[in-house]
Structure formats: C-alpha cells, structure tokens
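The structure file entry-v5.pdb is reproduced below (PDB, C-alpha atoms).
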```pdb
ATOM      1  CA  MET A1097      -4.194 -14.228  -4.195
ATOM      2  CA  SER A1098      -7.264 -14.289  -6.447
ATOM      3  CA  LEU A1099      -8.300 -10.814  -5.325
ATOM      4  CA  ALA A1100      -4.855  -9.380  -6.114
ATOM      5  CA  ILE A1101      -4.930 -10.957  -9.575
ATOM      6  CA  GLN A1102      -8.423  -9.680 -10.303
ATOM      7  CA  GLN A1103      -7.736  -6.150  -9.068
ATOM      8  CA  PHE A1104      -4.705  -5.970 -11.365
ATOM      9  CA  SER A1105      -6.738  -7.078 -14.397
ATOM     10  CA  LEU A1106      -9.671  -4.794 -13.603
ATOM     11  CA  ALA A1107      -7.409  -1.779 -13.050
ATOM     12  CA  TYR A1108      -5.757  -2.253 -16.438
ATOM     13  CA  LEU A1109      -8.979  -2.451 -18.453
ATOM     14  CA  ASP A1110     -10.722   0.257 -16.451
ATOM     15  CA  GLN A1111      -7.892   2.785 -16.834
ATOM     16  CA  SER A1112      -7.149   2.013 -20.469
ATOM     17  CA  LEU A1113     -10.741   2.138 -21.679
ATOM     18  CA  ALA A1114     -11.174   5.435 -19.870
ATOM     19  CA  ARG A1115      -8.086   6.716 -21.706
ATOM     20  CA  TYR A1116      -8.837   5.403 -25.213
ATOM     21  CA  THR A1117     -12.162   6.561 -26.662
ATOM     22  CA  GLN A1118     -14.114   5.102 -29.570
ATOM     23  CA  ASP A1119     -12.518   7.759 -31.775
ATOM     24  CA  ASP A1120      -9.064   6.559 -30.693
ATOM     25  CA  PHE A1121      -9.956   3.003 -31.711
ATOM     26  CA  ASN A1122     -11.363   4.226 -35.020
ATOM     27  CA  GLU A1123      -8.247   6.275 -35.774
ATOM     28  CA  ALA A1124      -6.079   3.246 -34.978
ATOM     29  CA  GLY A1125      -7.997   1.269 -37.614
ATOM     30  CA  TYR A1126     -10.292  -0.866 -35.476
ATOM     31  CA  PRO A1127     -14.019  -1.278 -36.184
ATOM     32  CA  GLU A1128     -16.456  -0.079 -33.530
ATOM     33  CA  TRP A1129     -17.310  -3.550 -32.262
ATOM     34  CA  VAL A1130     -13.776  -4.029 -30.885
ATOM     35  CA  ARG A1131     -14.068  -1.403 -28.151
ATOM     36  CA  SER A1132     -17.674  -2.484 -27.465
ATOM     37  CA  TRP A1133     -16.486  -5.990 -26.671
ATOM     38  CA  TYR A1134     -13.701  -4.622 -24.500
ATOM     39  CA  ILE A1135     -16.409  -2.838 -22.481
ATOM     40  CA  ARG A1136     -18.139  -6.197 -22.018
ATOM     41  CA  MET A1137     -14.818  -7.649 -20.922
ATOM     42  CA  LEU A1138     -14.464  -4.843 -18.363
ATOM     43  CA  ASN A1139     -17.921  -5.671 -16.988
ATOM     44  CA  ASP A1140     -16.873  -9.326 -16.635
ATOM     45  CA  GLU A1141     -13.825  -8.202 -14.659
ATOM     46  CA  ARG A1142     -16.003  -6.104 -12.352
ATOM     47  CA  GLU A1143     -18.261  -9.073 -11.645
ATOM     48  CA  HIS A1144     -15.266 -11.285 -10.937
ATOM     49  CA  ARG A1145     -13.766  -8.737  -8.585
ATOM     50  CA  GLU A1146     -17.088  -8.265  -6.758
ATOM     51  CA  TRP A1147     -17.526 -12.014  -6.254
ATOM     52  CA  ILE A1148     -13.987 -12.484  -4.911
ATOM     53  CA  ALA A1149     -14.235  -9.408  -2.659
ATOM     54  CA  ASN A1150     -17.538 -10.611  -1.211
ATOM     55  CA  THR A1151     -16.041 -14.052  -0.619
ATOM     56  CA  VAL A1152     -13.008 -12.540   1.117
ATOM     57  CA  SER A1153     -15.261 -10.345   3.270
ATOM     58  CA  ALA A1154     -17.385 -13.343   4.227
ATOM     59  CA  SER A1155     -14.242 -15.098   5.438
ATOM     60  CA  GLY A1156     -13.751 -12.406   8.096
ATOM     61  CA  VAL A1157     -11.640  -9.756   6.382
ATOM     62  CA  SER A1158     -13.169  -6.468   7.506
ATOM     63  CA  LYS A1159     -11.678  -4.176   4.841
ATOM     64  CA  ILE A1160     -10.704  -4.750   1.219
ATOM     65  CA  ILE A1161      -7.676  -2.614   0.336
ATOM     66  CA  GLU A1162      -7.043  -1.457  -3.220
ATOM     67  CA  CYS A1163      -3.896   0.171  -4.545
ATOM     68  CA  SER A1164      -3.490   2.371  -7.631
ATOM     69  CA  TYR A1165      -1.713   1.208 -10.782
ATOM     70  CA  ALA A1166       0.009   2.661 -13.838
ATOM     71  CA  PHE A1167       0.564   0.664 -17.026
ATOM     72  CA  PRO A1168       3.050   0.988 -19.904
ATOM     73  CA  ASP A1169       0.794   1.101 -22.986
ATOM     74  CA  ASN A1170       0.982   4.325 -24.996
ATOM     75  CA  GLY A1171      -1.606   3.787 -27.729
ATOM     76  CA  VAL A1172      -4.474   1.569 -28.808
ATOM     77  CA  ASP A1173      -2.238  -1.012 -30.528
ATOM     78  CA  ALA A1174      -0.104  -1.321 -27.389
ATOM     79  CA  PHE A1175      -3.269  -1.606 -25.283
ATOM     80  CA  VAL A1176      -4.556  -4.465 -27.433
ATOM     81  CA  ALA A1177      -1.254  -6.335 -27.265
ATOM     82  CA  PHE A1178      -0.857  -5.868 -23.529
ATOM     83  CA  SER A1179      -4.496  -6.746 -22.817
ATOM     84  CA  GLU A1180      -3.937 -10.126 -24.444
ATOM     85  CA  ALA A1181      -0.815 -10.667 -22.358
ATOM     86  CA  VAL A1182      -2.741  -9.780 -19.183
ATOM     87  CA  GLN A1183      -5.592 -12.185 -19.997
ATOM     88  CA  ASN A1184      -3.147 -15.001 -20.820
ATOM     89  CA  ILE A1185      -1.176 -14.422 -17.640
ATOM     90  CA  ILE A1186      -4.271 -14.322 -15.422
ATOM     91  CA  THR A1187      -5.550 -17.534 -16.996
ATOM     92  CA  SER A1188      -2.195 -19.163 -16.220
ATOM     93  CA  VAL A1189      -2.121 -17.894 -12.624
ATOM     94  CA  PHE A1190      -5.698 -19.025 -11.931
ATOM     95  CA  ASN A1191      -4.686 -22.416 -13.335
ATOM     96  CA  ASP A1192      -2.093 -22.582 -10.556
ATOM     97  CA  VAL A1193      -4.350 -21.064  -7.861
ATOM     98  CA  ILE A1194      -6.937 -23.816  -8.387
ATOM     99  CA  THR A1195      -4.412 -26.443  -7.301
ATOM    100  CA  ARG A1196      -3.950 -24.614  -3.985
ATOM    101  CA  LEU A1197      -7.623 -24.341  -3.016
ATOM    102  CA  ASP A1198      -9.186 -26.795  -0.582
ATOM    103  CA  ASP A1199     -12.794 -25.556  -0.709
ATOM    104  CA  LYS A1200     -14.522 -27.138  -3.733
ATOM    105  CA  SER A1201     -16.930 -24.215  -4.062
ATOM    106  CA  TYR A1202     -13.964 -21.875  -4.523
ATOM    107  CA  VAL A1203     -12.410 -24.274  -7.021
ATOM    108  CA  GLY A1204     -15.602 -24.219  -9.077
ATOM    109  CA  ALA A1205     -15.896 -20.425  -9.049
ATOM    110  CA  VAL A1206     -12.240 -19.767  -9.904
ATOM    111  CA  SER A1207     -12.424 -22.376 -12.688
ATOM    112  CA  LYS A1208     -15.369 -20.547 -14.205
ATOM    113  CA  MET A1209     -13.550 -17.221 -14.053
ATOM    114  CA  MET A1210     -10.407 -18.782 -15.521
ATOM    115  CA  SER A1211     -12.419 -20.094 -18.483
ATOM    116  CA  VAL A1212     -13.757 -16.614 -19.225
ATOM    117  CA  HIS A1213     -10.267 -15.094 -19.070
ATOM    118  CA  ALA A1214      -9.104 -17.749 -21.549
ATOM    119  CA  ARG A1215     -11.941 -16.791 -23.892
ATOM    120  CA  HIS A1216     -10.996 -13.132 -23.547
ATOM    121  CA  ALA A1217      -7.394 -13.943 -24.543
ATOM    122  CA  THR A1218      -8.553 -16.041 -27.503
ATOM    123  CA  TRP A1219     -10.856 -13.289 -28.764
ATOM    124  CA  ILE A1220      -8.112 -10.665 -28.594
ATOM    125  CA  SER A1221      -5.572 -12.908 -30.278
ATOM    126  CA  SER A1222      -7.746 -14.299 -33.079
ATOM    127  CA  SER A1223     -10.578 -11.848 -33.792
ATOM    128  CA  VAL A1224      -8.770  -8.598 -33.018
ATOM    129  CA  GLN A1225      -5.200  -9.449 -34.058
ATOM    130  CA  GLY A1226      -5.630 -12.339 -36.492
ATOM    131  CA  GLN A1227      -3.116 -14.522 -34.669
ATOM    132  CA  ASN A1228      -3.131 -17.872 -32.839
ATOM    133  CA  ALA A1229      -6.611 -18.690 -31.550
ATOM    134  CA  TRP A1230      -5.080 -20.898 -28.863
ATOM    135  CA  HIS A1231      -1.624 -22.116 -28.004
ATOM    136  CA  THR A1232      -1.205 -25.739 -26.912
ATOM    137  CA  ALA A1233      -3.398 -28.676 -25.919
ATOM    138  CA  PHE A1234      -2.937 -27.809 -22.222
ATOM    139  CA  GLU A1235      -3.075 -24.500 -20.368
ATOM    140  CA  THR A1236       0.261 -23.244 -19.029
ATOM    141  CA  SER A1237       0.384 -22.615 -15.288
ATOM    142  CA  MET A1238       2.150 -19.668 -13.699
ATOM    143  CA  PRO A1239       2.927 -19.750  -9.952
ATOM    144  CA  PHE A1240       1.677 -16.703  -8.077
ATOM    145  CA  ILE A1241       5.227 -15.767  -7.087
ATOM    146  CA  GLN A1242       6.096 -15.392 -10.781
ATOM    147  CA  PHE A1243       3.013 -13.275 -11.473
ATOM    148  CA  TRP A1244       3.748 -10.956  -8.596
ATOM    149  CA  SER A1245       7.374 -10.634  -9.661
ATOM    150  CA  MET A1246       5.994  -8.790 -12.696
ATOM    151  CA  ALA A1247       2.988  -6.968 -11.253
ATOM    152  CA  PRO A1248       4.096  -4.931  -8.200
ATOM    153  CA  THR A1249       6.161  -2.390 -10.114
ATOM    154  CA  SER A1250       2.931  -1.198 -11.758
ATOM    155  CA  ILE A1251       1.595  -0.137  -8.339
ATOM    156  CA  THR A1252       1.923   3.623  -7.962
ATOM    157  CA  SER A1253       0.357   4.131  -4.539
ATOM    158  CA  CYS A1254      -1.564   2.446  -1.743
ATOM    159  CA  PRO A1255      -3.641   3.825   1.148
ATOM    160  CA  SER A1256      -1.566   5.484   3.847
ATOM    161  CA  GLY A1257       0.419   3.017   5.901
ATOM    162  CA  VAL A1258      -0.214   0.109   3.534
ATOM    163  CA  VAL A1259       2.682  -1.860   2.025
ATOM    164  CA  PRO A1260       1.655  -3.705  -1.181
ATOM    165  CA  GLU A1261       3.466  -6.877  -0.144
ATOM    166  CA  ASP A1262       1.494  -6.969   3.116
ATOM    167  CA  VAL A1263      -1.775  -6.774   1.199
ATOM    168  CA  TYR A1264      -1.141  -9.092  -1.728
ATOM    169  CA  PHE A1265       1.632 -11.513  -0.869
ATOM    170  CA  PRO A1266       0.924 -14.869   0.751
ATOM    171  CA  PRO A1267       3.539 -15.443   3.480
ATOM    172  CA  GLY A1268       7.017 -16.365   2.314
ATOM    173  CA  LEU A1269       6.870 -14.930  -1.216
ATOM    174  CA  PHE A1270       9.317 -12.447  -2.705
ATOM    175  CA  ASN A1271      10.176 -10.777  -6.016
ATOM    176  CA  TYR A1272      12.463 -12.425  -8.538
ATOM    177  CA  PRO A1273      14.800 -10.099 -10.445
ATOM    178  CA  HIS A1274      13.311  -8.760 -13.667
ATOM    179  CA  LEU A1275      14.148 -10.653 -16.884
ATOM    180  CA  ILE A1276      14.753  -8.445 -19.936
ATOM    181  CA  LEU A1277      14.109 -10.094 -23.305
ATOM    182  CA  PRO A1278      14.818  -8.646 -26.773
ATOM    183  CA  PRO A1279      11.953  -7.205 -28.867
ATOM    184  CA  THR A1280      12.061 -10.149 -31.278
ATOM    185  CA  VAL A1281      12.599 -13.764 -30.272
ATOM    186  CA  LEU A1282      12.688 -16.353 -33.076
ATOM    187  CA  PRO A1283      12.763 -20.150 -32.673
ATOM    188  CA  GLY A1284      16.241 -21.464 -33.425
ATOM    189  CA  SER A1285      17.912 -18.092 -32.928
ATOM    190  CA  GLN A1286      20.470 -16.959 -30.373
ATOM    191  CA  ILE A1287      19.247 -14.115 -28.156
ATOM    192  CA  SER A1288      20.650 -12.051 -25.311
ATOM    193  CA  VAL A1289      18.843 -11.861 -21.967
ATOM    194  CA  SER A1290      19.609  -9.553 -19.059
ATOM    195  CA  PHE A1291      18.832  -9.793 -15.352
ATOM    196  CA  ASN A1292      20.152  -8.840 -11.941
ATOM    197  CA  ASN A1293      22.319 -11.689 -10.632
ATOM    198  CA  SER A1294      21.520 -11.150  -6.936
ATOM    199  CA  LEU A1295      20.035 -14.667  -6.547
ATOM    200  CA  VAL A1296      22.867 -16.478  -8.346
ATOM    201  CA  SER A1297      25.018 -18.482  -5.927
ATOM    202  CA  LEU A1298      28.023 -20.761  -6.426
ATOM    203  CA  GLY A1299      27.813 -22.559  -3.103
ATOM    204  CA  SER A1300      29.962 -25.526  -2.163
ATOM    205  CA  GLU A1301      27.921 -28.261  -3.823
ATOM    206  CA  GLU A1302      28.200 -29.570  -7.375
ATOM    207  CA  PRO A1303      28.575 -26.650  -9.798
ATOM    208  CA  ARG A1304      25.204 -25.448 -11.032
ATOM    209  CA  ARG A1305      24.672 -23.840 -14.429
ATOM    210  CA  LEU A1306      22.191 -21.224 -15.537
ATOM    211  CA  TYR A1307      19.375 -22.295 -17.833
ATOM    212  CA  ALA A1308      16.505 -20.535 -19.575
ATOM    213  CA  ALA A1309      13.303 -22.487 -18.991
ATOM    214  CA  PHE A1310      10.585 -22.041 -21.648
ATOM    215  CA  SER A1311       7.211 -23.168 -20.230
ATOM    216  CA  LEU A1312       4.254 -24.078 -22.435
ATOM    217  CA  GLY A1313       1.337 -26.348 -21.573
ATOM    218  CA  THR A1314       2.622 -29.359 -19.666
ATOM    219  CA  ARG A1315       6.134 -29.045 -21.122
ATOM    220  CA  THR A1316       9.206 -27.049 -20.206
ATOM    221  CA  LEU A1317      12.118 -26.737 -22.623
ATOM    222  CA  PHE A1318      15.553 -25.864 -21.257
ATOM    223  CA  ALA A1319      18.482 -24.085 -22.904
ATOM    224  CA  THR A1320      21.894 -23.434 -21.345
ATOM    225  CA  LEU A1321      23.055 -19.836 -20.997
ATOM    226  CA  ASP A1322      26.423 -19.254 -22.634
ATOM    227  CA  SER A1323      28.126 -17.851 -19.526
ATOM    228  CA  ALA A1324      29.013 -19.718 -16.364
ATOM    229  CA  ALA A1325      27.269 -18.829 -13.129
ATOM    230  CA  GLU A1326      29.044 -16.266 -11.009
ATOM    231  CA  GLU A1327      28.398 -15.389  -7.395
ATOM    232  CA  GLY A1328      25.591 -12.845  -7.158
ATOM    233  CA  SER A1329      26.929  -9.308  -6.999
ATOM    234  CA  ASN A1330      23.602  -7.499  -7.306
ATOM    235  CA  SER A1331      24.527  -6.282 -10.775
ATOM    236  CA  LEU A1332      22.907  -6.494 -14.208
ATOM    237  CA  VAL A1333      24.367  -9.261 -16.366
ATOM    238  CA  THR A1334      23.728 -10.099 -20.025
ATOM    239  CA  MET A1335      24.060 -13.620 -21.378
ATOM    240  CA  GLY A1336      23.264 -15.432 -24.605
ATOM    241  CA  VAL A1337      20.871 -18.353 -24.929
ATOM    242  CA  PRO A1338      19.585 -20.417 -27.881
ATOM    243  CA  VAL A1339      15.817 -20.436 -28.419
ATOM    244  CA  PRO A1340      14.470 -23.983 -28.941
ATOM    245  CA  ASP A1341      13.168 -24.745 -32.446
ATOM    246  CA  GLN A1342      10.215 -26.591 -30.907
ATOM    247  CA  LEU A1343       8.622 -23.286 -29.851
ATOM    248  CA  GLN A1344       7.545 -22.507 -33.405
ATOM    249  CA  GLY A1345       3.840 -21.601 -33.441
ATOM    250  CA  LYS A1346       3.298 -22.357 -29.745
ATOM    251  CA  GLY A1347       1.771 -18.976 -28.841
ATOM    252  CA  ALA A1348       2.388 -17.514 -25.393
ATOM    253  CA  VAL A1349       5.460 -18.956 -23.673
ATOM    254  CA  TYR A1350       6.813 -17.968 -20.248
ATOM    255  CA  VAL A1351      10.567 -17.735 -19.699
ATOM    256  CA  VAL A1352      12.459 -17.873 -16.400
ATOM    257  CA  ILE A1353      16.131 -18.278 -15.591
ATOM    258  CA  ILE A1354      16.990 -21.098 -13.195
ATOM    259  CA  GLN A1355      20.222 -22.296 -11.597
ATOM    260  CA  THR A1356      20.542 -26.045 -11.226
ATOM    261  CA  THR A1357      22.533 -29.119 -12.202
ATOM    262  CA  PRO A1358      22.118 -30.905 -15.567
ATOM    263  CA  ASP A1359      20.483 -33.928 -13.926
ATOM    264  CA  ASP A1360      17.878 -31.837 -12.090
ATOM    265  CA  LEU A1361      16.220 -29.761 -14.814
ATOM    266  CA  VAL A1362      12.963 -28.664 -13.231
ATOM    267  CA  VAL A1363      11.636 -25.207 -12.366
ATOM    268  CA  THR A1364      11.056 -24.558  -8.666
ATOM    269  CA  ASP A1365      10.556 -21.457  -6.532
ATOM    270  CA  MET A1366      13.960 -22.064  -4.963
ATOM    271  CA  ASN A1367      16.073 -22.478  -8.113
ATOM    272  CA  THR A1368      14.528 -19.587 -10.084
ATOM    273  CA  VAL A1369      16.881 -16.603 -10.236
ATOM    274  CA  ALA A1370      15.067 -14.266 -12.676
ATOM    275  CA  GLY A1371      11.796 -13.842 -14.517
ATOM    276  CA  PRO A1372       9.335 -14.494 -15.792
ATOM    277  CA  GLY A1373       9.270 -12.960 -19.238
ATOM    278  CA  MET A1374       6.668 -13.686 -21.900
ATOM    279  CA  VAL A1375       7.048 -14.260 -25.632
ATOM    280  CA  LYS A1376       4.347 -15.055 -28.167
ATOM    281  CA  PHE A1377       5.399 -17.361 -30.996
ATOM    282  CA  LEU A1378       3.143 -17.102 -34.035
ATOM    283  CA  SER A1379       2.438 -19.912 -36.466
ATOM    284  CA  SER A1380       2.309 -20.033 -40.251
ATOM    285  CA  GLU A1381      -1.489 -20.187 -39.939
ATOM    286  CA  SER A1382      -1.560 -16.682 -38.394
ATOM    287  CA  GLY A1383      -3.041 -14.748 -41.279
ATOM    288  CA  SER A1384      -4.466 -11.319 -41.939
ATOM    289  CA  SER A1385      -8.046 -11.797 -40.729
ATOM    290  CA  SER A1386      -7.628  -9.425 -37.816
ATOM    291  CA  ALA A1387      -9.899  -6.503 -37.025
ATOM    292  CA  LYS A1388      -7.203  -4.217 -38.479
ATOM    293  CA  ALA A1389      -7.107  -6.044 -41.821
ATOM    294  CA  GLY A1390      -3.814  -7.692 -41.017
ATOM    295  CA  GLU A1391      -1.756  -4.668 -40.015
ATOM    296  CA  ILE A1392      -0.811  -6.157 -36.645
ATOM    297  CA  ALA A1393      -0.199  -9.660 -38.001
ATOM    298  CA  ALA A1394       1.815  -8.465 -41.018
ATOM    299  CA  GLY A1395       5.471  -9.370 -40.755
ATOM    300  CA  LEU A1396       4.997 -11.409 -37.584
ATOM    301  CA  VAL A1397       4.210 -14.817 -39.074
ATOM    302  CA  GLU A1398       6.709 -17.489 -38.028
ATOM    303  CA  GLY A1399       8.142 -15.033 -35.521
ATOM    304  CA  SER A1400       7.364 -13.687 -32.101
ATOM    305  CA  TYR A1401       5.079 -10.882 -31.087
ATOM    306  CA  GLY A1402       6.819  -8.183 -29.076
ATOM    307  CA  MET A1403       4.482  -8.061 -26.075
ATOM    308  CA  ASN A1404       7.600  -8.835 -24.049
ATOM    309  CA  VAL A1405       8.674  -5.217 -24.681
ATOM    310  CA  LEU A1406       5.565  -4.019 -22.864
ATOM    311  CA  LEU A1407       6.085  -6.511 -20.078
ATOM    312  CA  ASP A1408       9.665  -5.295 -19.734
ATOM    313  CA  SER A1409       8.225  -1.853 -18.939
ATOM    314  CA  LEU A1410       6.511  -3.120 -15.811
TER     315      LEU A1410
END
```

Would you put the structure from the file into structure tokens?
Amino acid sequence: MSLAIQQFSLAYLDQSLARYTQDDFNEAGYPEWVRSWYIRMLNDEREHREWIANTVSASGVSKIIECSYAFPDNGVDAFVAFSEAVQNIITSVFNDVITRLDDKSYVGAVSKMMSVHARHATWISSSVQGQNAWHTAFETSMPFIQFWSMAPTSITSCPSGVVPEDVYFPPGLFNYPHLILPPTVLPGSQISVSFNNSLVSLGSEEPRRLYAAFSLGTRTLFATLDSAAEEGSNSLVTMGVPVPDQLQGKGAVYVVIIQTTPDDLVVTDMNTVAGPGMVKFLSSESGSSSAKAGEIAAGLVEGSYGMNVLLDSL
C-alpha cells in the first residue's frame, strides 16, 4: 500500500515540475523560491519511494512494478492547488496505514514520512496560498480503499500483462463509484452531489437512508440526502444535501456517501456507496499573505476552495 501511495505522489510532482518551468511560475505570479521548494519536495518524495521500494524488495518481492500516470492540472495555479490536495490525502492515508502495520520499524518510518507530507501540505496552504496553515487538532484518516477509489483513473498504462489492481490493491478491495461535488461548497448551504448508484441496495431489512459523511480529524458529521434510496440501477443520480455549519474554517474535509439506518451512523467499507470527494473550507483568518500577494486567497475567505473540481477530473 505504502509503495502505491508514494509512487502516485512522486509521479505527480515529477511530471508537473518537468512541465512547468521557472518561467511558467514567474508568469503565474509566484516568486522564484516557490518552485525551488517544490524541487526539494520532489527530492523528499524520491527518498521516500526509494526507502519503501528497498523495504519491499527486502521482503522478497523480486520486481517493483511502476505504472504511468496522467493528471488533470492545466496550469501552475491548478498544479499548486492539486499538489496541496495530494499531500493532504497522502498524509491521511499514511495515518490509516500506520494502524495496519505490525512491524514497529515500519511504523516508525511511515510516521516520519507522514510528518513530512503534512509539512509539505502546510507549506503549500499557508506560505504559497495564504490559507489555513493546518485544519483541526487531529489528523484525518483516509482508508486505503477510499484513496484508491480516486487514484486508479489517473493510471494511463502499465507494463505489458500487468493489471493495476493486481499490483496495488490489497486483497478484497474495490473501487467505490466516483462522487461529483460542485465547484463551491459553503457551510450551511444546500448542494447537489452526483454518483453512480450501483452500490445502493434496498434489501429486506429496515429501510436504510443515504447520508453524506463529512470527515475531519476525529469527527464525522452526517447530513441526510434529500432523496430516498433506490435499488442500484448502475446509473448516475443527483441528490441534494445540506452542508453542516460546523465545517466553517475546518480546512480539508473528505466526503463519502453511505447507506445506513439512523441509529447506526458510522462510516464503514461496507456501507460506503460513493466517494470520497474533498473540499477545503477556509477560515476568516485566511488572508492575503500568499506567495501570489493574495490572488489565490481573494474571494475564498469563509468559503471553500475548489480543489474538488480537480479531484473530480481523476
């Protein structure tokens, strides 16, 4: 799992920094030190990948397989926004991976890598974009199955005869249907979400409703979708859902759709029917001290940052 996560992160930075030159960053309004620090971030990713690959090889795996990726950013601003999302997501996934490791030496190494990814995300958010330096008092975890429900569609090719799921998936995992969120998501507003309803099931037990689960830190907030669950027909459905007021200023929040009963509101692998999506909720303290003199932060205070549009492209 860790190798798949790290290869995804390395591929994104490596490809994007090869595409966007120092002149591109300058023309987009960023000072020279921004791209220089991204190069340092890329070197960190290479060291992480090398350590994990060596550890995997030492465990008896004779060949490390790498696939090729394509990513949705189409300019330096989009790269910056998506790079923060990637670093936040990888921090969250490593936070979950640690709980699944038995070898204490692996726990220590992954913890150290996770801490660096968290610093990367903080630097991008605060120094480069002038937004939240951190989100909540506790890191939000993301199960690997949720991460890989977003990541595999960015794979463009693998070595001949290799199926990505065979390389990266632990046994028993599968993709959840993609969750489409609107470009702007405001606390207290009503939004529309879309997803394929293939995993929705009525069954014969007590009727189960659909809920949007907003995960942040150690908390999950639930909101009922405005349409009743219908038997999965493998078709795209659009439903409305209220966004909890409590999300104001909470930074990166992950959203999944679950199907359960009102007395059993908890997110599990088995009751998740779509997602995850990601929304970043800014706070009133998000000012204009970004590397671009506030251009990115302008107009986004008290709102959400549209990195979910980029994630929807995966």

Next item on the list: Pick out the closest residue to Val1212 of chain A from this set: A:Phe1178, A:Phe1104, A:Phe1291, A:Phe1190. Count all atoms listed in the file.
Entry: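 Smallest distance to Val1212 of chain A is found for A:Phe1190.
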
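Proximity ranking of A:Val1352, A:Leu1138, A:Met1335, A:Ala1233 relative to Gln1286 of chain A places A:Met1335 first, based on all atoms listed in the file.
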
Next item on the list: Given the file shown, enumerate the residues that the PyMOL selection byres ((chain A and resi 1171) around 10) captures and present them as a list in words.
Entry: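 For this structure, the PyMOL selection byres ((chain A and resi 1171) around 10) resolves to Ser1112, Arg1115, Tyr1116, Asp1120, Phe1121, Ala1124, Pro1168, Asp1169, Asn1170, Val1172, Asp1173, Ala1174, Phe1175 and Val1176 of chain A.
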
Same residues, C-alpha atoms, output as an mmCIF file, in the coordinates of the input:
```cif
data_model
loop_
_atom_site.group_PDB
_atom_site.id
_atom_site.type_symbol
_atom_site.label_atom_id
_atom_site.label_comp_id
_atom_site.auth_asym_id
_atom_site.auth_seq_id
_atom_site.Cartn_x
_atom_site.Cartn_y
_atom_site.Cartn_z
ATOM 1 C CA SER A 1112 -7.149 2.013 -20.469
ATOM 2 C CA ARG A 1115 -8.086 6.716 -21.706
ATOM 3 C CA TYR A 1116 -8.837 5.403 -25.213
ATOM 4 C CA ASP A 1120 -9.064 6.559 -30.693
ATOM 5 C CA PHE A 1121 -9.956 3.003 -31.711
ATOM 6 C CA ALA A 1124 -6.079 3.246 -34.978
ATOM 7 C CA PRO A 1168 3.050 0.988 -19.904
ATOM 8 C CA ASP A 1169 0.794 1.101 -22.986
ATOM 9 C CA ASN A 1170 0.982 4.325 -24.996
ATOM 10 C CA VAL A 1172 -4.474 1.569 -28.808
ATOM 11 C CA ASP A 1173 -2.238 -1.012 -30.528
ATOM 12 C CA ALA A 1174 -0.104 -1.321 -27.389
ATOM 13 C CA PHE A 1175 -3.269 -1.606 -25.283
ATOM 14 C CA VAL A 1176 -4.556 -4.465 -27.433
#
```

Check: If the PyMOL selection byres ((chain A and resi 1320) around 9) is run on the structure shown, which residues does it catch, given as a ChimeraX atom specification?
Finding: /A:1305-1309,1318-1319,1321-1323,1336-1338

Next item on the list: List, as a list in words, every residue that the PyMOL selection byres ((chain A and resi 1351) around 8) selects in the file provided.
Entry: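 Applied to this file, the PyMOL selection byres ((chain A and resi 1351) around 8) returns Ala1308, Ala1309, Phe1310, Ser1311, Val1349, Tyr1350, Val1352, Ile1353, Gly1371, Pro1372, Gly1373, Met1374 and Val1375 of chain A.
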
Shell around Ser1105 of chain A at 9 Å using all atoms listed in the file, local window under 3 positions removed, as a compact mmCIF listing (two decimals) with C-alpha atoms, in the frame of the given file:
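In the end it all went to out_31.txt:
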```
# COMPACT_ATOMS: atom_id res chain seq x y z
CA ALA A 1100 -4.86 -9.38 -6.11
CA ILE A 1101 -4.93 -10.96 -9.57
CA GLN A 1102 -8.42 -9.68 -10.30
CA TYR A 1108 -5.76 -2.25 -16.44
CA LEU A 1109 -8.98 -2.45 -18.45
CA ASP A 1110 -10.72 0.26 -16.45
CA LEU A 1138 -14.46 -4.84 -18.36
CA GLU A 1141 -13.82 -8.20 -14.66
CA SER A 1179 -4.50 -6.75 -22.82
CA VAL A 1182 -2.74 -9.78 -19.18
CA GLN A 1183 -5.59 -12.18 -20.00
CA ILE A 1186 -4.27 -14.32 -15.42
```

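Nearest to Ser1331 of chain A of all the residues A:Ser1297, A:Asn1292, A:Ser1153, A:Asn1184 is A:Asn1292, counting only C-alpha atoms.
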
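Relative to atom CA of Ile1161 of chain A, atom CA of Val1193 of chain A is found at 20.5 Å.
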
Item checked: One-decimal distance in Å that lies between atom CA of Gly1257 of chain A and atom CA of Ser1164 of chain A ->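 Spanning atom CA of Ser1164 of chain A to atom CA of Gly1257 of chain A is a straight-line distance of 14.1 Å.
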
Checklist line | Option closest in space to Ile1135 of chain A, from A:Thr1368, A:Thr1117, A:Asn1228, A:Asn1191 [counting only C-alpha atoms] | finding: A:Thr1117

Note to self: I'd like the interatomic distance between atom CA of Val1363 of chain A and atom CA of Thr1316 of chain A, to a tenth of an Å.
What the structure shows: 8.4 Å

Next item on the list: Fewer than 4 positions away in the same chain doesn't count, so skip those; otherwise give me all residues within 12 Å of Tyr1272 of chain A, counting all atoms listed in the file, as a ChimeraX atom specification.
Entry: /A:1240-1249,1291-1296,1352-1354,1365-1373

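In terms of minimum interatomic distance to Thr1232 of chain A, A:Thr1314 ranks closest within A:Thr1314, A:Gln1355, A:Ser1155, A:Thr1252, counting only C-alpha atoms.
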
For Asp1140 of chain A, please output as a compact mmCIF listing (two decimals) with C-alpha atoms, in the coordinates of the input all residues within 12 Å (counting all atoms listed in the file; exclusion window: fewer than 6 positions along the same chain).
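What ended up in around_4.txt:
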```txt
# COMPACT_ATOMS: atom_id res chain seq x y z
CA GLN A 1102 -8.42 -9.68 -10.30
CA SER A 1105 -6.74 -7.08 -14.40
CA LEU A 1106 -9.67 -4.79 -13.60
CA LEU A 1109 -8.98 -2.45 -18.45
CA ASP A 1110 -10.72 0.26 -16.45
CA TRP A 1133 -16.49 -5.99 -26.67
CA TYR A 1134 -13.70 -4.62 -24.50
CA GLU A 1146 -17.09 -8.26 -6.76
CA TRP A 1147 -17.53 -12.01 -6.25
CA LYS A 1208 -15.37 -20.55 -14.20
CA MET A 1209 -13.55 -17.22 -14.05
CA MET A 1210 -10.41 -18.78 -15.52
CA SER A 1211 -12.42 -20.09 -18.48
CA VAL A 1212 -13.76 -16.61 -19.23
CA HIS A 1213 -10.27 -15.09 -19.07
CA ARG A 1215 -11.94 -16.79 -23.89
CA HIS A 1216 -11.00 -13.13 -23.55
```

Contact residues around Arg1196 of chain A with only C-alpha atoms at 12 Å, ignoring same-chain residues under 6 positions, as a PDB file with C-alpha atoms, in the coordinates of the input:
```pdb
ATOM      1  CA  MET A1097      -4.194 -14.228  -4.195  1.00  0.00           C
ATOM      2  CA  SER A1098      -7.264 -14.289  -6.447  1.00  0.00           C
ATOM      3  CA  VAL A1189      -2.121 -17.894 -12.624  1.00  0.00           C
ATOM      4  CA  PHE A1190      -5.698 -19.025 -11.931  1.00  0.00           C
ATOM      5  CA  TYR A1202     -13.964 -21.875  -4.523  1.00  0.00           C
ATOM      6  CA  VAL A1203     -12.410 -24.274  -7.021  1.00  0.00           C
ATOM      7  CA  VAL A1206     -12.240 -19.767  -9.904  1.00  0.00           C
ATOM      8  CA  PRO A1239       2.927 -19.750  -9.952  1.00  0.00           C
ATOM      9  CA  PHE A1240       1.677 -16.703  -8.077  1.00  0.00           C
ATOM     10  CA  PRO A1266       0.924 -14.869   0.751  1.00  0.00           C
TER      11      PRO A1266
END
```
